[in-house]
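> What follows is upload.txt, compact mmCIF, C-alpha atoms.
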```
# COMPACT_ATOMS: atom_id res chain seq x y z
CA MET A 1 -186.25 124.12 116.76
CA ALA A 2 -186.95 120.42 116.31
CA TYR A 3 -188.01 119.07 112.97
CA LYS A 4 -191.34 117.28 112.56
CA VAL A 5 -191.06 113.53 112.00
CA ARG A 6 -193.17 111.58 109.54
CA TRP A 7 -193.12 107.81 109.06
CA THR A 8 -193.48 106.33 105.58
CA PRO A 9 -195.55 103.15 105.19
CA GLU A 10 -192.28 101.28 104.57
CA ALA A 11 -190.81 102.58 107.83
CA GLU A 12 -193.91 101.45 109.71
CA GLU A 13 -193.82 98.03 108.04
CA THR A 14 -190.11 97.41 108.64
CA PHE A 15 -190.36 98.63 112.25
CA ASP A 16 -193.31 96.29 112.86
CA PHE A 17 -191.36 93.41 111.31
CA ILE A 18 -188.45 93.97 113.70
CA ILE A 19 -190.88 94.02 116.65
CA TYR A 20 -192.45 90.81 115.32
CA TYR A 21 -189.00 89.19 115.06
CA LEU A 22 -188.06 90.26 118.58
CA ASN A 23 -191.38 89.02 119.93
CA ASN A 24 -190.80 85.56 118.45
CA ARG A 25 -187.17 85.19 119.50
CA TRP A 26 -186.60 87.35 122.55
CA THR A 27 -188.41 88.67 125.60
CA GLU A 28 -190.61 91.70 126.16
CA ARG A 29 -187.65 93.38 127.84
CA GLU A 30 -185.70 93.37 124.55
CA ILE A 31 -188.70 94.78 122.70
CA ILE A 32 -189.06 97.61 125.21
CA ASN A 33 -185.31 98.26 125.02
CA PHE A 34 -185.40 98.41 121.22
CA VAL A 35 -188.43 100.72 121.10
CA THR A 36 -186.83 103.01 123.70
CA LYS A 37 -183.59 103.19 121.69
CA ALA A 38 -185.46 103.79 118.43
CA ASN A 39 -187.55 106.61 119.96
CA HIS A 40 -184.44 108.18 121.50
CA LEU A 41 -182.64 108.08 118.14
CA ILE A 42 -185.65 109.62 116.35
CA ASP A 43 -185.77 112.41 118.97
CA GLN A 44 -182.05 113.06 118.44
CA ILE A 45 -182.49 113.19 114.67
CA ALA A 46 -185.40 115.64 115.06
CA GLU A 47 -183.11 117.95 117.04
CA HIS A 48 -179.93 117.39 114.99
CA PRO A 49 -180.93 116.07 111.55
CA LYS A 50 -177.42 115.99 110.07
CA MET A 51 -175.81 114.10 112.94
CA PHE A 52 -175.57 110.86 110.93
CA ARG A 53 -173.65 110.14 107.75
CA LEU A 54 -175.09 110.12 104.27
CA SER A 55 -175.77 106.66 102.85
CA SER A 56 -174.63 105.59 99.41
CA LYS A 57 -177.87 107.03 98.00
CA ARG A 58 -178.13 110.76 97.57
CA ASN A 59 -179.73 112.80 100.36
CA ILE A 60 -180.49 109.76 102.52
CA ARG A 61 -178.90 109.42 105.94
CA VAL A 62 -178.41 106.36 108.09
CA GLY A 63 -178.51 106.24 111.88
CA PHE A 64 -177.70 103.23 114.02
CA ILE A 65 -180.20 102.14 116.66
CA THR A 66 -178.29 99.01 117.70
CA HIS A 67 -175.46 97.00 116.16
CA GLN A 68 -178.13 94.99 114.39
CA THR A 69 -180.51 97.76 113.27
CA SER A 70 -180.22 100.95 111.22
CA LEU A 71 -182.70 103.68 110.34
CA PHE A 72 -182.72 105.39 106.94
CA TYR A 73 -184.18 108.88 106.72
CA GLN A 74 -184.33 112.04 104.62
CA ILE A 75 -184.30 115.67 105.63
CA SER A 76 -186.57 118.28 104.08
CA GLU A 77 -185.10 121.64 105.07
CA THR A 78 -187.92 123.60 103.44
CA GLU A 79 -190.61 121.76 105.40
CA ASN A 80 -188.58 121.28 108.61
CA LEU A 81 -189.38 117.60 108.23
CA ILE A 82 -187.61 114.30 108.88
CA LEU A 83 -189.00 111.51 106.72
CA LEU A 84 -188.34 108.06 108.19
CA LEU A 85 -187.85 105.75 105.22
CA SER A 86 -186.96 102.30 106.52
CA PHE A 87 -185.55 100.27 109.38
CA TRP A 88 -182.91 97.73 108.35
CA ASP A 89 -181.55 94.61 110.00
CA ASN A 90 -177.79 94.98 109.43
CA ARG A 91 -177.35 91.20 109.30
CA GLN A 92 -179.20 91.06 105.96
CA ASP A 93 -177.44 90.99 102.61
CA PRO A 94 -176.44 94.63 101.92
CA GLU A 95 -177.06 94.07 98.20
CA LYS A 96 -180.80 93.84 98.98
CA ARG A 97 -180.79 97.22 100.72
CA LYS A 98 -182.76 99.91 98.96
CA TYR A 99 -180.96 102.93 100.43
```
In structure tokens, what does this structure look like?

Amino acid sequence: MAYKVRWTPEAEETFDFIIYYLNNRWTEREIINFVTKANHLIDQIAEHPKMFRLSSKRNIRVGFITHQTSLFYQISETENLILLLSFWDNRQDPEKRKY
């Protein structure tokens, strides 16, 4: 049984920022490609929540959408819920990363 997926406000904001960045520097094709990959990854996580490694923070996992972008999420076993925490541009300074 697939887990439910819920986006945090931070996940929505960081996802929108990546779309904004792509829109200003690339073409619509790259945006569609990114959104497709992100949705596919989220679907995979909903089916297999533990498929990605734990991050350095406790109980937070990190999945890779592209070489440039990661997704941080938490699993709530009791609620059958995946909580999307944040999207991260891997080219940023890792010291600034929250998770």
> Between CA of Arg91 in chain A and CA of Asp43 in chain A, what is the distance, to one decimal in Å?
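Separation between CA of Arg91 in chain A and CA of Asp43 in chain A: 24.8 Å.
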> Return the single residue from A:Ala2, A:Ile60, A:Asn24, A:Asp16 that is closest to Lys98 in chain A, with distances computed using all atoms listed in the file.
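Using all atoms listed in the file, Lys98 in chain A sits closest to A:Ile60.
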> Report the distance between CA of Glu10 in chain A and CA of Glu28 in chain A in Å, rounded to one decimal place.
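Interatomic distance here is 23.7 Å.
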> Can you find the residues with an atom no farther than 12 Å from (-176.5, 102.6, 106.7), counting all atoms listed in the file, and report them as an MDAnalysis selection string?
chainID A and resid 52:57 60:73 85:92 94 97:99
> Excluding Leu81 in chain A and residues on its chain fewer than 3 positions from it, collect all residues at most 6 Å away from it, counting all atoms listed in the file, and give them as a short mmCIF file (atom, residue, chain, number, x, y, z; two decimals) with C-alpha atoms, keeping the file's coordinate frame.

```
data_model
loop_
_atom_site.label_atom_id
_atom_site.label_comp_id
_atom_site.auth_asym_id
_atom_site.auth_seq_id
_atom_site.Cartn_x
_atom_site.Cartn_y
_atom_site.Cartn_z
CA TYR A 3 -188.01 119.07 112.97
CA LYS A 4 -191.34 117.28 112.56
CA VAL A 5 -191.06 113.53 112.00
CA SER A 76 -186.57 118.28 104.08
#
```
> Just the number, please: distance in Å from CA of Asn59 in chain A to CA of Asn39 in chain A, one decimal.
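Atom-to-atom, CA of Asn59 in chain A to CA of Asn39 in chain A, that is 22.0 Å.
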> Pick from A:Leu41, A:Glu47, A:Arg29, A:Leu22: nearest to Asn80 in chain A, with only C-alpha atoms counted?
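With only C-alpha atoms as the atom set, the closest residue is A:Glu47.
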> Tell me which of A:Arg6, A:Phe15, A:Ile82, A:Tyr20 sits closest to Gln44 in chain A, counting all atoms listed in the file.
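Of A:Arg6, A:Phe15, A:Ile82, A:Tyr20, the one nearest Gln44 in chain A, counting all atoms listed in the file, is A:Ile82.
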